[in-house]
Amino acid sequence: MAGSGASDDEVIFEMAQFIRVYKSGRVERFFGSDPVPASTDAATGVASKDHAVSSDVAVRLYLPPPAKETEDNGGSRKKLPILVYFHGGGFCLHTAFNFVFHAYLTSLAARARAIVVSVEYRLAPEHPLPAAYDDSWRALVWVASHALPGSGEEPWLTDHGDFSRLCVGGDSAGANIAHHMAMRAGAEPLPHGARISGVAIVHAYFLGADRVASEETDPALVENVVTMWRVVCPGTSGLDDPWINPLAAGAPTLEGLACARVLVCLAEKDVCRDRGRAYAEELRASGWTGEVEVLEVSGQGHCFHLVDLACADAIAQDDAIARFVNL
C-alpha cells in the first residue's frame with residue numbers, strides 16, 4: 001500500500017487475542033487491561049488496598065486476616081513476610097489491578113500468610129524498557145522505606161511486615177524484573193539497611209541468541225516473543241542483551257545477586273523452561289553463596305497457574321512459594 005498513512009497502519013507486532021502494535025505507535029490491547037477494585041475477599045478474608053507511589057507507579061497491597069492462634073493469644077499478631085510481586089505480560093500486557101492477578105495474589109497471600117505488594121509499572125511500547133525496571137525499583141524502594149520502625153506511610157507494612165523476610169518475585173516478565181531488582185539491590189542498597197531475603201522466579205521470560213531445546217518445541221511462539229522483545233525494548237543490543245539474557249557474556253555475574261535464596265519454578269511444556277533451568281545452574285556455578293531450589297511441574301505450560309488457580313499443580317507451586325517466603 002502506498003502513502004505514509006498506510007505505512008503507519010502497518011502492524012509490527014501482534015499476539016492474537018491479546019495485543020496489536022502498529023508502526024505509528026498505536027497499541028490495541030484486548031485482554032488484561034481492565035482493573036477490578038481493591039476489596040476484602042469473602043472466602044479468604046484477605047484485604048486489599050491501593051497506593052500511589054508516584055505519578056507513574058502504584059501498588060496493590062494484600063493483607064491476610066489474623067491467624068486463629070492470634071485470637072487465642074489475646075490479639076498479639078505475629079509479623080508477616082513481605083512479597084513484592086511483579087506481574088507478567090511480556091512488559092506490554094496486563095495491569096496489576098486486573099481480575100487475573102487480583103484473584104491470584106489474593107489466593108497467594110492467604111496461602112502464604114504474607115503481605116503481598118503487587119507493582120503497577122508502566123507498559124511498553126508506550127513506555128519502552130527500562131521504564132518497567134525503573135518503576136519496579138521505585139516501588140521496591142518505597143516498600144523498603146518502611147523497614148525502620150516508625151518510618152514509612154503505610155501501616156500495613158509498618159505494623160505487620162517482617163522485613164527480615166522481604167522477598168521479591170514474579171511470573172514471566174515479572175520474574176525477569178525480580179531478577180534485575182535483586183541485582184540492582186546488590187549495587188545500590190535499599191533504604192534503612194533492608195535486604196532481600198529471597199527471589200521467586202516463576203517461568204522467567206529470558207531469551208538468548210542460541211536456541212535451547214525447550215524453544216524448539218514451538219518455534220513460531222519463540223519467534224513471536226523474540227519480536228515482542230524488540231518492540232518493548234527498541235534500544236536493545238539483541239537477544240544477548242543482559243536485560244533479557246542474564247547469562248550472556250556481557251551480563252553482570254550472578255555472584256552479585258543480593259539475596260540468600262532463590263526459588264526457580266519451571267513448567268515442563270513452557271518454551272522458557274530451559275532458560276530457567278540454565279539460570280539455576282549458573283547461579284550454583286557463579287560463586288554466589290546462596291541456596292537455589294528448583295521446582296518443575298510436569299505436563300504444564302507457561303504460567304498455567306494463572307489459568308486455573310485451583311488445579312493441583314498450581315496449588316503445589318503456590319505451596320512451594322508459600323514455604324519459600326516464610327523461611
# chains A, B, ... in the order shown; residues from 1 in each chain; ligands from 1
$ residues_around --residues "A:Glu268" --least-positions-apart "4" --cutoff "10 Å" --atoms "only C-alpha atoms" --output "list in words"
Ser214, Cys272, Arg273, Asp274, Glu296, Val297, Ser298, Gly299, Gln300, Gly301 and His302 of chain A
$ closest_atom_pairs --of "stretch 132-235 of chain A" --to "stretch 64-67 of chain A" --cutoff "12 Å" --atoms "only C-alpha atoms" --output "JSON lines"
{"residue": "A:Trp156", "atom": "CA", "partner": "A:Pro64", "partner_atom": "CA", "distance": 10.4}
{"residue": "A:His160", "atom": "CA", "partner": "A:Pro64", "partner_atom": "CA", "distance": 10.1}
{"residue": "A:Gly161", "atom": "CA", "partner": "A:Pro64", "partner_atom": "CA", "distance": 11.5}
$ residues_around --residues "A:Phe97" --least-positions-apart "4" --cutoff "7 Å" --atoms "only C-alpha atoms" --output "list in words"
Pro35, Val36, Phe101 and His102 of chain A
$ residues_around --residues "A:Tyr205" --least-positions-apart "2" --cutoff "12 Å" --atoms "only C-alpha atoms" --output "CSV table (one decimal) with C-alpha atoms, in the first residue's frame"
chain,number,residue,atom,x,y,z
A,87,HIS,CA,3.2,-9.3,37.2
A,88,GLY,CA,4.0,-10.8,33.8
A,89,GLY,CA,2.8,-10.0,30.4
A,90,GLY,CA,5.8,-9.5,28.2
A,91,PHE,CA,6.3,-6.0,29.6
A,170,GLY,CA,7.1,-12.6,39.7
A,171,ASP,CA,6.0,-14.6,36.7
A,172,SER,CA,7.3,-14.4,33.1
A,173,ALA,CA,8.4,-10.8,32.5
A,174,GLY,CA,7.8,-10.2,36.2
A,175,ALA,CA,10.3,-12.9,37.1
A,176,ASN,CA,12.8,-11.2,34.8
A,177,ILE,CA,12.1,-8.0,36.7
A,178,ALA,CA,12.5,-9.7,40.1
A,179,HIS,CA,16.0,-10.9,39.0
A,201,ILE,CA,11.5,-16.8,39.7
A,202,VAL,CA,8.4,-18.3,38.1
A,203,HIS,CA,8.5,-19.2,34.4
A,207,LEU,CA,15.9,-15.3,25.8
A,208,GLY,CA,19.3,-15.8,24.1
A,215,GLU,CA,12.3,-23.4,22.5
A,222,VAL,CA,9.5,-18.2,20.2
A,225,VAL,CA,8.3,-13.5,21.9
A,226,VAL,CA,11.6,-12.5,20.2
A,228,MET,CA,7.9,-8.8,21.3
A,229,TRP,CA,11.3,-8.2,23.0
A,239,LEU,CA,18.9,-11.4,22.3
A,243,TRP,CA,18.2,-7.3,30.3
A,244,ILE,CA,16.7,-10.4,28.5
A,245,ASN,CA,19.7,-12.8,28.9
A,246,PRO,CA,21.2,-12.6,32.4
A,265,CYS,CA,9.8,-22.6,39.2
A,266,LEU,CA,9.7,-24.4,35.8
A,270,ASP,CA,7.0,-24.0,28.7
A,271,VAL,CA,9.3,-22.8,25.9
A,272,CYS,CA,11.1,-20.8,28.6
A,273,ARG,CA,11.8,-23.9,30.7
A,274,ASP,CA,15.4,-24.5,29.7
A,275,ARG,CA,16.3,-20.8,30.2
A,276,GLY,CA,15.1,-21.0,33.8
A,279,TYR,CA,19.7,-19.8,35.2
A,302,HIS,CA,3.8,-21.2,30.7
A,303,CYS,CA,2.0,-19.5,33.6
$ residues_around --residues "A:Val168" --least-positions-apart "3" --cutoff "9 Å" --atoms "only C-alpha atoms" --output "PyMOL selection string"
chain A and resi 82-86+140+175+178-179+181-182+196-201
$ write_last_selection --atoms "all heavy atoms" --output "short mmCIF file (atom, residue, chain, number, x, y, z; two decimals), in the first residue's frame"
data_model
loop_
_atom_site.label_atom_id
_atom_site.label_comp_id
_atom_site.auth_asym_id
_atom_site.auth_seq_id
_atom_site.Cartn_x
_atom_site.Cartn_y
_atom_site.Cartn_z
N ILE A 82 6.96 -10.42 53.64
CA ILE A 82 6.53 -9.48 52.60
C ILE A 82 7.02 -9.99 51.26
O ILE A 82 8.21 -10.29 51.09
CB ILE A 82 7.11 -8.07 52.85
CG1 ILE A 82 6.69 -7.55 54.22
CG2 ILE A 82 6.69 -7.10 51.75
CD1 ILE A 82 7.51 -6.35 54.69
N LEU A 83 6.11 -10.08 50.30
CA LEU A 83 6.46 -10.47 48.94
C LEU A 83 6.11 -9.32 48.00
O LEU A 83 4.94 -8.97 47.85
CB LEU A 83 5.71 -11.73 48.51
CG LEU A 83 5.85 -12.15 47.04
CD1 LEU A 83 7.29 -12.44 46.68
CD2 LEU A 83 4.94 -13.34 46.73
N VAL A 84 7.14 -8.71 47.40
CA VAL A 84 6.92 -7.69 46.39
C VAL A 84 6.83 -8.41 45.05
O VAL A 84 7.79 -9.08 44.63
CB VAL A 84 8.04 -6.65 46.38
CG1 VAL A 84 7.77 -5.57 45.33
CG2 VAL A 84 8.19 -6.01 47.76
N TYR A 85 5.68 -8.30 44.39
CA TYR A 85 5.37 -9.13 43.23
C TYR A 85 5.25 -8.28 41.97
O TYR A 85 4.57 -7.25 41.95
CB TYR A 85 4.06 -9.89 43.47
CG TYR A 85 3.84 -11.00 42.48
CD1 TYR A 85 4.29 -12.28 42.73
CD2 TYR A 85 3.17 -10.76 41.28
CE1 TYR A 85 4.10 -13.31 41.82
CE2 TYR A 85 2.97 -11.78 40.36
CZ TYR A 85 3.44 -13.05 40.64
OH TYR A 85 3.25 -14.06 39.74
N PHE A 86 5.90 -8.75 40.90
CA PHE A 86 5.87 -8.07 39.60
C PHE A 86 5.12 -8.96 38.61
O PHE A 86 5.51 -10.11 38.37
CB PHE A 86 7.30 -7.80 39.12
CG PHE A 86 8.16 -7.12 40.15
CD1 PHE A 86 9.10 -7.85 40.88
CD2 PHE A 86 7.99 -5.78 40.44
CE1 PHE A 86 9.87 -7.23 41.85
CE2 PHE A 86 8.76 -5.15 41.42
CZ PHE A 86 9.70 -5.89 42.13
N LEU A 140 9.96 -0.97 44.96
CA LEU A 140 10.72 -1.74 45.94
C LEU A 140 11.37 -0.82 46.98
O LEU A 140 11.35 -1.12 48.18
CB LEU A 140 11.77 -2.59 45.23
CG LEU A 140 12.67 -3.46 46.12
CD1 LEU A 140 11.84 -4.42 46.97
CD2 LEU A 140 13.67 -4.22 45.26
N ALA A 175 9.17 -12.20 36.51
CA ALA A 175 10.31 -12.93 37.05
C ALA A 175 11.61 -12.30 36.56
O ALA A 175 12.60 -12.22 37.32
CB ALA A 175 10.24 -14.39 36.64
N ALA A 178 12.09 -9.36 38.71
CA ALA A 178 12.53 -9.74 40.06
C ALA A 178 14.03 -10.00 40.09
O ALA A 178 14.74 -9.59 41.02
CB ALA A 178 11.76 -10.96 40.54
N HIS A 179 14.53 -10.70 39.07
CA HIS A 179 15.98 -10.93 38.98
C HIS A 179 16.74 -9.60 38.96
O HIS A 179 17.71 -9.41 39.71
CB HIS A 179 16.32 -11.73 37.72
CG HIS A 179 17.75 -11.59 37.31
ND1 HIS A 179 18.78 -12.24 37.96
CD2 HIS A 179 18.33 -10.84 36.33
CE1 HIS A 179 19.93 -11.91 37.40
NE2 HIS A 179 19.69 -11.06 36.41
N MET A 181 15.82 -6.66 39.95
CA MET A 181 15.72 -5.91 41.21
C MET A 181 16.75 -6.43 42.22
O MET A 181 17.39 -5.64 42.93
CB MET A 181 14.31 -6.02 41.78
CG MET A 181 13.22 -5.38 40.93
SD MET A 181 13.49 -3.62 40.54
CE MET A 181 14.22 -3.74 38.88
N ALA A 182 16.92 -7.74 42.29
CA ALA A 182 17.90 -8.31 43.22
C ALA A 182 19.32 -7.97 42.78
O ALA A 182 20.21 -7.75 43.64
CB ALA A 182 17.72 -9.81 43.33
N ILE A 196 16.97 -8.08 50.68
CA ILE A 196 16.09 -9.08 50.06
C ILE A 196 16.49 -10.45 50.58
O ILE A 196 17.64 -10.86 50.45
CB ILE A 196 16.18 -9.02 48.53
CG1 ILE A 196 15.70 -7.67 48.01
CG2 ILE A 196 15.36 -10.15 47.90
CD1 ILE A 196 15.96 -7.45 46.52
N SER A 197 15.53 -11.13 51.17
CA SER A 197 15.79 -12.47 51.70
C SER A 197 15.78 -13.51 50.59
O SER A 197 16.64 -14.39 50.54
CB SER A 197 14.73 -12.82 52.75
OG SER A 197 14.79 -14.18 53.10
N GLY A 198 14.79 -13.43 49.69
CA GLY A 198 14.67 -14.44 48.65
C GLY A 198 14.03 -13.89 47.39
O GLY A 198 13.34 -12.87 47.42
N VAL A 199 14.29 -14.58 46.28
CA VAL A 199 13.74 -14.21 44.98
C VAL A 199 13.02 -15.42 44.41
O VAL A 199 13.61 -16.50 44.28
CB VAL A 199 14.84 -13.74 44.00
CG1 VAL A 199 14.24 -13.37 42.65
CG2 VAL A 199 15.61 -12.56 44.58
N ALA A 200 11.74 -15.26 44.06
CA ALA A 200 10.94 -16.32 43.45
C ALA A 200 10.83 -16.05 41.95
O ALA A 200 10.21 -15.06 41.54
CB ALA A 200 9.56 -16.40 44.08
N ILE A 201 11.43 -16.92 41.16
CA ILE A 201 11.49 -16.78 39.71
C ILE A 201 10.52 -17.81 39.11
O ILE A 201 10.79 -19.01 39.15
CB ILE A 201 12.92 -17.05 39.20
CG1 ILE A 201 13.92 -16.07 39.84
CG2 ILE A 201 12.99 -17.01 37.69
CD1 ILE A 201 13.84 -14.66 39.34
#
$ select_by_dssp --residues "stretch 22-144 of chain A" --states "strand (DSSP E)" --output "list in words"
Tyr22, Val27, Glu28, Arg29, Ala47, Ser48, Lys49, Asp50, His51, Ala52, Ala58, Val59, Arg60, Leu61, Tyr62, Leu63, Leu80, Pro81, Ile82, Leu83, Val84, Tyr85, Phe86, Ile115, Val116, Val117, Ser118, Val119 and Glu120 of chain A
$ write_last_selection --atoms "N, CA, C and O atoms" --output "tab-separated table (two decimals), in the first residue's frame"
chain	number	residue	atom	x	y	z
A	22	TYR	N	1.06	-1.08	16.27
A	22	TYR	CA	1.21	-0.52	14.92
A	22	TYR	C	2.50	0.30	14.83
A	22	TYR	O	3.02	0.81	15.83
A	27	VAL	N	-1.43	1.32	20.01
A	27	VAL	CA	-1.46	0.00	20.63
A	27	VAL	C	-2.90	-0.36	20.94
A	27	VAL	O	-3.66	0.45	21.49
A	28	GLU	N	-3.30	-1.58	20.59
A	28	GLU	CA	-4.60	-2.11	20.95
A	28	GLU	C	-4.39	-3.31	21.86
A	28	GLU	O	-3.69	-4.25	21.48
A	29	ARG	N	-4.98	-3.25	23.04
A	29	ARG	CA	-4.90	-4.38	23.97
A	29	ARG	C	-6.30	-4.97	24.13
A	29	ARG	O	-7.26	-4.23	24.31
A	47	ALA	N	-7.63	-8.76	52.77
A	47	ALA	CA	-8.00	-7.38	52.41
A	47	ALA	C	-6.99	-6.84	51.42
A	47	ALA	O	-5.81	-7.21	51.43
A	48	SER	N	-7.43	-5.95	50.55
A	48	SER	CA	-6.51	-5.30	49.61
A	48	SER	C	-6.81	-3.81	49.55
A	48	SER	O	-7.94	-3.38	49.81
A	49	LYS	N	-5.80	-3.05	49.22
A	49	LYS	CA	-5.97	-1.62	49.01
A	49	LYS	C	-4.85	-1.12	48.09
A	49	LYS	O	-3.80	-1.76	47.95
A	50	ASP	N	-5.08	0.03	47.48
A	50	ASP	CA	-4.15	0.60	46.50
A	50	ASP	C	-3.43	1.82	47.07
A	50	ASP	O	-3.98	2.54	47.91
A	51	HIS	N	-2.22	2.01	46.57
A	51	HIS	CA	-1.44	3.18	47.00
A	51	HIS	C	-0.64	3.69	45.81
A	51	HIS	O	0.00	2.90	45.09
A	52	ALA	N	-0.66	5.01	45.60
A	52	ALA	CA	0.14	5.63	44.55
A	52	ALA	C	1.53	5.95	45.10
A	52	ALA	O	1.67	6.76	46.03
A	58	ALA	N	2.22	2.61	41.01
A	58	ALA	CA	1.25	2.32	42.06
A	58	ALA	C	1.43	0.89	42.52
A	58	ALA	O	2.11	0.09	41.88
A	59	VAL	N	0.84	0.56	43.66
A	59	VAL	CA	0.88	-0.81	44.17
A	59	VAL	C	-0.50	-1.18	44.70
A	59	VAL	O	-1.29	-0.31	45.08
A	60	ARG	N	-0.77	-2.47	44.69
A	60	ARG	CA	-1.92	-3.02	45.41
A	60	ARG	C	-1.36	-3.92	46.51
A	60	ARG	O	-0.60	-4.84	46.24
A	61	LEU	N	-1.76	-3.64	47.76
A	61	LEU	CA	-1.31	-4.42	48.90
A	61	LEU	C	-2.38	-5.42	49.29
A	61	LEU	O	-3.58	-5.10	49.26
A	62	TYR	N	-1.94	-6.60	49.69
A	62	TYR	CA	-2.84	-7.67	50.16
A	62	TYR	C	-2.41	-8.06	51.57
A	62	TYR	O	-1.23	-8.34	51.81
A	63	LEU	N	-3.37	-8.08	52.49
A	63	LEU	CA	-3.11	-8.40	53.88
A	63	LEU	C	-4.03	-9.52	54.33
A	63	LEU	O	-5.25	-9.36	54.35
A	80	LEU	N	4.34	-10.59	59.49
A	80	LEU	CA	4.20	-11.42	58.31
A	80	LEU	C	5.31	-11.15	57.30
A	80	LEU	O	5.78	-10.01	57.17
A	81	PRO	N	5.75	-12.19	56.56
A	81	PRO	CA	6.70	-11.95	55.47
A	81	PRO	C	6.09	-11.04	54.42
A	81	PRO	O	4.86	-10.91	54.32
A	82	ILE	N	6.96	-10.42	53.64
A	82	ILE	CA	6.53	-9.48	52.60
A	82	ILE	C	7.02	-9.99	51.26
A	82	ILE	O	8.21	-10.29	51.09
A	83	LEU	N	6.11	-10.08	50.30
A	83	LEU	CA	6.46	-10.47	48.94
A	83	LEU	C	6.11	-9.32	48.00
A	83	LEU	O	4.94	-8.97	47.85
A	84	VAL	N	7.14	-8.71	47.40
A	84	VAL	CA	6.92	-7.69	46.39
A	84	VAL	C	6.83	-8.41	45.05
A	84	VAL	O	7.79	-9.08	44.63
A	85	TYR	N	5.68	-8.30	44.39
A	85	TYR	CA	5.37	-9.13	43.23
A	85	TYR	C	5.25	-8.28	41.97
A	85	TYR	O	4.57	-7.25	41.95
A	86	PHE	N	5.90	-8.75	40.90
A	86	PHE	CA	5.87	-8.07	39.60
A	86	PHE	C	5.12	-8.96	38.61
A	86	PHE	O	5.51	-10.11	38.37
A	115	ILE	N	2.14	-10.57	53.46
A	115	ILE	CA	1.73	-9.33	52.82
A	115	ILE	C	2.28	-9.35	51.40
A	115	ILE	O	3.49	-9.53	51.20
A	116	VAL	N	1.43	-9.20	50.42
A	116	VAL	CA	1.86	-9.14	49.03
A	116	VAL	C	1.69	-7.71	48.54
A	116	VAL	O	0.65	-7.09	48.75
A	117	VAL	N	2.74	-7.20	47.90
A	117	VAL	CA	2.71	-5.85	47.32
A	117	VAL	C	2.87	-6.03	45.82
A	117	VAL	O	3.94	-6.36	45.32
A	118	SER	N	1.78	-5.84	45.09
A	118	SER	CA	1.77	-6.06	43.65
A	118	SER	C	2.02	-4.73	42.94
A	118	SER	O	1.32	-3.74	43.20
A	119	VAL	N	2.99	-4.72	42.05
A	119	VAL	CA	3.50	-3.46	41.48
A	119	VAL	C	2.87	-3.17	40.12
A	119	VAL	O	2.87	-4.03	39.22
A	120	GLU	N	2.34	-1.98	39.97
A	120	GLU	CA	1.81	-1.47	38.72
A	120	GLU	C	2.88	-0.61	38.08
A	120	GLU	O	3.16	0.51	38.53
$ select_by_dssp --residues "stretch 57-116 of chain A" --states "helix (DSSP H, G or I)" --output "PDB file with N, CA and C atoms, in the first residue's frame"
ATOM      1  N   LYS A  68      -5.761 -17.900  63.547  1.00  0.00           N
ATOM      2  CA  LYS A  68      -6.541 -18.359  64.694  1.00  0.00           C
ATOM      3  C   LYS A  68      -5.725 -18.250  65.976  1.00  0.00           C
ATOM      4  N   GLU A  69      -4.406 -18.581  65.895  1.00  0.00           N
ATOM      5  CA  GLU A  69      -3.587 -18.542  67.116  1.00  0.00           C
ATOM      6  C   GLU A  69      -3.431 -17.126  67.641  1.00  0.00           C
ATOM      7  N   THR A  70      -3.577 -16.112  66.735  1.00  0.00           N
ATOM      8  CA  THR A  70      -3.516 -14.717  67.177  1.00  0.00           C
ATOM      9  C   THR A  70      -4.686 -14.417  68.114  1.00  0.00           C
ATOM     10  N   GLU A  71      -5.871 -14.884  67.722  1.00  0.00           N
ATOM     11  CA  GLU A  71      -7.039 -14.667  68.568  1.00  0.00           C
ATOM     12  C   GLU A  71      -6.872 -15.378  69.911  1.00  0.00           C
ATOM     13  N   ASP A  72      -6.282 -16.572  69.892  1.00  0.00           N
ATOM     14  CA  ASP A  72      -6.085 -17.327  71.120  1.00  0.00           C
ATOM     15  C   ASP A  72      -5.043 -16.692  72.038  1.00  0.00           C
ATOM     16  N   PHE A  99      -8.380  -8.711  36.969  1.00  0.00           N
ATOM     17  CA  PHE A  99      -9.021  -9.801  37.717  1.00  0.00           C
ATOM     18  C   PHE A  99      -8.106 -11.005  37.864  1.00  0.00           C
ATOM     19  N   VAL A 100      -7.215 -11.240  36.891  1.00  0.00           N
ATOM     20  CA  VAL A 100      -6.324 -12.404  36.958  1.00  0.00           C
ATOM     21  C   VAL A 100      -5.371 -12.279  38.136  1.00  0.00           C
ATOM     22  N   PHE A 101      -4.657 -11.170  38.200  1.00  0.00           N
ATOM     23  CA  PHE A 101      -3.656 -11.024  39.260  1.00  0.00           C
ATOM     24  C   PHE A 101      -4.291 -10.706  40.606  1.00  0.00           C
ATOM     25  N   HIS A 102      -5.438 -10.051  40.588  1.00  0.00           N
ATOM     26  CA  HIS A 102      -6.117  -9.817  41.867  1.00  0.00           C
ATOM     27  C   HIS A 102      -6.540 -11.144  42.490  1.00  0.00           C
ATOM     28  N   ALA A 103      -7.119 -12.018  41.698  1.00  0.00           N
ATOM     29  CA  ALA A 103      -7.543 -13.328  42.221  1.00  0.00           C
ATOM     30  C   ALA A 103      -6.336 -14.153  42.643  1.00  0.00           C
ATOM     31  N   TYR A 104      -5.294 -14.156  41.804  1.00  0.00           N
ATOM     32  CA  TYR A 104      -4.123 -14.978  42.112  1.00  0.00           C
ATOM     33  C   TYR A 104      -3.423 -14.510  43.389  1.00  0.00           C
ATOM     34  N   LEU A 105      -3.217 -13.220  43.516  1.00  0.00           N
ATOM     35  CA  LEU A 105      -2.455 -12.732  44.667  1.00  0.00           C
ATOM     36  C   LEU A 105      -3.285 -12.716  45.946  1.00  0.00           C
ATOM     37  N   THR A 106      -4.599 -12.592  45.824  1.00  0.00           N
ATOM     38  CA  THR A 106      -5.449 -12.801  46.998  1.00  0.00           C
ATOM     39  C   THR A 106      -5.264 -14.221  47.510  1.00  0.00           C
ATOM     40  N   SER A 107      -5.298 -15.177  46.591  1.00  0.00           N
ATOM     41  CA  SER A 107      -5.113 -16.581  46.958  1.00  0.00           C
ATOM     42  C   SER A 107      -3.732 -16.829  47.541  1.00  0.00           C
ATOM     43  N   LEU A 108      -2.703 -16.258  46.917  1.00  0.00           N
ATOM     44  CA  LEU A 108      -1.332 -16.486  47.381  1.00  0.00           C
ATOM     45  C   LEU A 108      -1.094 -15.843  48.747  1.00  0.00           C
ATOM     46  N   ALA A 109      -1.640 -14.657  48.959  1.00  0.00           N
ATOM     47  CA  ALA A 109      -1.486 -14.006  50.273  1.00  0.00           C
ATOM     48  C   ALA A 109      -2.122 -14.858  51.363  1.00  0.00           C
ATOM     49  N   ALA A 110      -3.265 -15.452  51.059  1.00  0.00           N
ATOM     50  CA  ALA A 110      -3.933 -16.313  52.041  1.00  0.00           C
ATOM     51  C   ALA A 110      -3.124 -17.574  52.296  1.00  0.00           C
ATOM     52  N   ARG A 111      -2.628 -18.203  51.229  1.00  0.00           N
ATOM     53  CA  ARG A 111      -1.888 -19.458  51.361  1.00  0.00           C
ATOM     54  C   ARG A 111      -0.554 -19.247  52.081  1.00  0.00           C
ATOM     55  N   ALA A 112       0.142 -18.167  51.744  1.00  0.00           N
ATOM     56  CA  ALA A 112       1.464 -17.902  52.322  1.00  0.00           C
ATOM     57  C   ALA A 112       1.381 -17.176  53.651  1.00  0.00           C
TER      58      ALA A 112
END
$ residues_around --residues "A:Phe18" --least-positions-apart "4" --cutoff "9 Å" --atoms "only C-alpha atoms" --output "list in words"
Glu14, Glu28, Arg29, Phe30, Phe31, Gly32 and Leu93 of chain A
$ atom_distance --atom1 "atom CA of A:Asp56" --atom2 "atom CA of A:Gly25"
19.7 Å
$ decode --residues "stretch 280-320 of chain A" --atoms "C-alpha atoms" --output "JSON list (two decimals), in the first residue's frame"
[["chain", "number", "residue", "atom", "x", "y", "z"],
["A", 280, "ALA", "CA", 19.53, -22.05, 38.28],
["A", 281, "GLU", "CA", 22.61, -23.98, 37.14],
["A", 282, "GLU", "CA", 24.59, -20.80, 36.54],
["A", 283, "LEU", "CA", 23.62, -19.46, 39.95],
["A", 284, "ARG", "CA", 25.15, -22.56, 41.53],
["A", 285, "ALA", "CA", 28.31, -22.25, 39.42],
["A", 286, "SER", "CA", 28.78, -18.48, 39.68],
["A", 287, "GLY", "CA", 30.29, -18.22, 43.13],
["A", 288, "TRP", "CA", 27.04, -16.87, 44.55],
["A", 289, "THR", "CA", 26.83, -18.27, 48.08],
["A", 290, "GLY", "CA", 23.06, -18.63, 48.44],
["A", 291, "GLU", "CA", 20.73, -21.61, 48.13],
["A", 292, "VAL", "CA", 18.83, -22.49, 44.94],
["A", 293, "GLU", "CA", 15.64, -24.54, 44.92],
["A", 294, "VAL", "CA", 14.13, -25.73, 41.62],
["A", 295, "LEU", "CA", 10.53, -26.86, 41.27],
["A", 296, "GLU", "CA", 9.46, -28.32, 37.93],
["A", 297, "VAL", "CA", 5.83, -29.18, 37.23],
["A", 298, "SER", "CA", 5.15, -31.91, 34.69],
["A", 299, "GLY", "CA", 2.66, -31.58, 31.86],
["A", 300, "GLN", "CA", 2.02, -27.85, 32.23],
["A", 301, "GLY", "CA", 2.80, -24.77, 30.14],
["A", 302, "HIS", "CA", 3.82, -21.18, 30.68],
["A", 303, "CYS", "CA", 2.02, -19.53, 33.62],
["A", 304, "PHE", "CA", -0.52, -22.35, 33.83],
["A", 305, "HIS", "CA", -1.29, -21.31, 37.41],
["A", 306, "LEU", "CA", -2.96, -18.11, 36.20],
["A", 307, "VAL", "CA", -5.37, -20.10, 34.04],
["A", 308, "ASP", "CA", -6.58, -22.44, 36.78],
["A", 309, "LEU", "CA", -5.70, -21.25, 40.29],
["A", 310, "ALA", "CA", -7.29, -24.29, 41.91],
["A", 311, "CYS", "CA", -5.68, -27.10, 39.92],
["A", 312, "ALA", "CA", -3.43, -29.48, 41.87],
["A", 313, "ASP", "CA", -0.25, -28.34, 40.10],
["A", 314, "ALA", "CA", -1.00, -24.65, 40.76],
["A", 315, "ILE", "CA", -1.62, -25.40, 44.42],
["A", 316, "ALA", "CA", 1.66, -27.37, 44.65],
["A", 317, "GLN", "CA", 3.57, -24.49, 43.07],
["A", 318, "ASP", "CA", 1.92, -21.94, 45.36],
["A", 319, "ASP", "CA", 2.67, -24.13, 48.38],
["A", 320, "ALA", "CA", 6.34, -24.06, 47.39]]
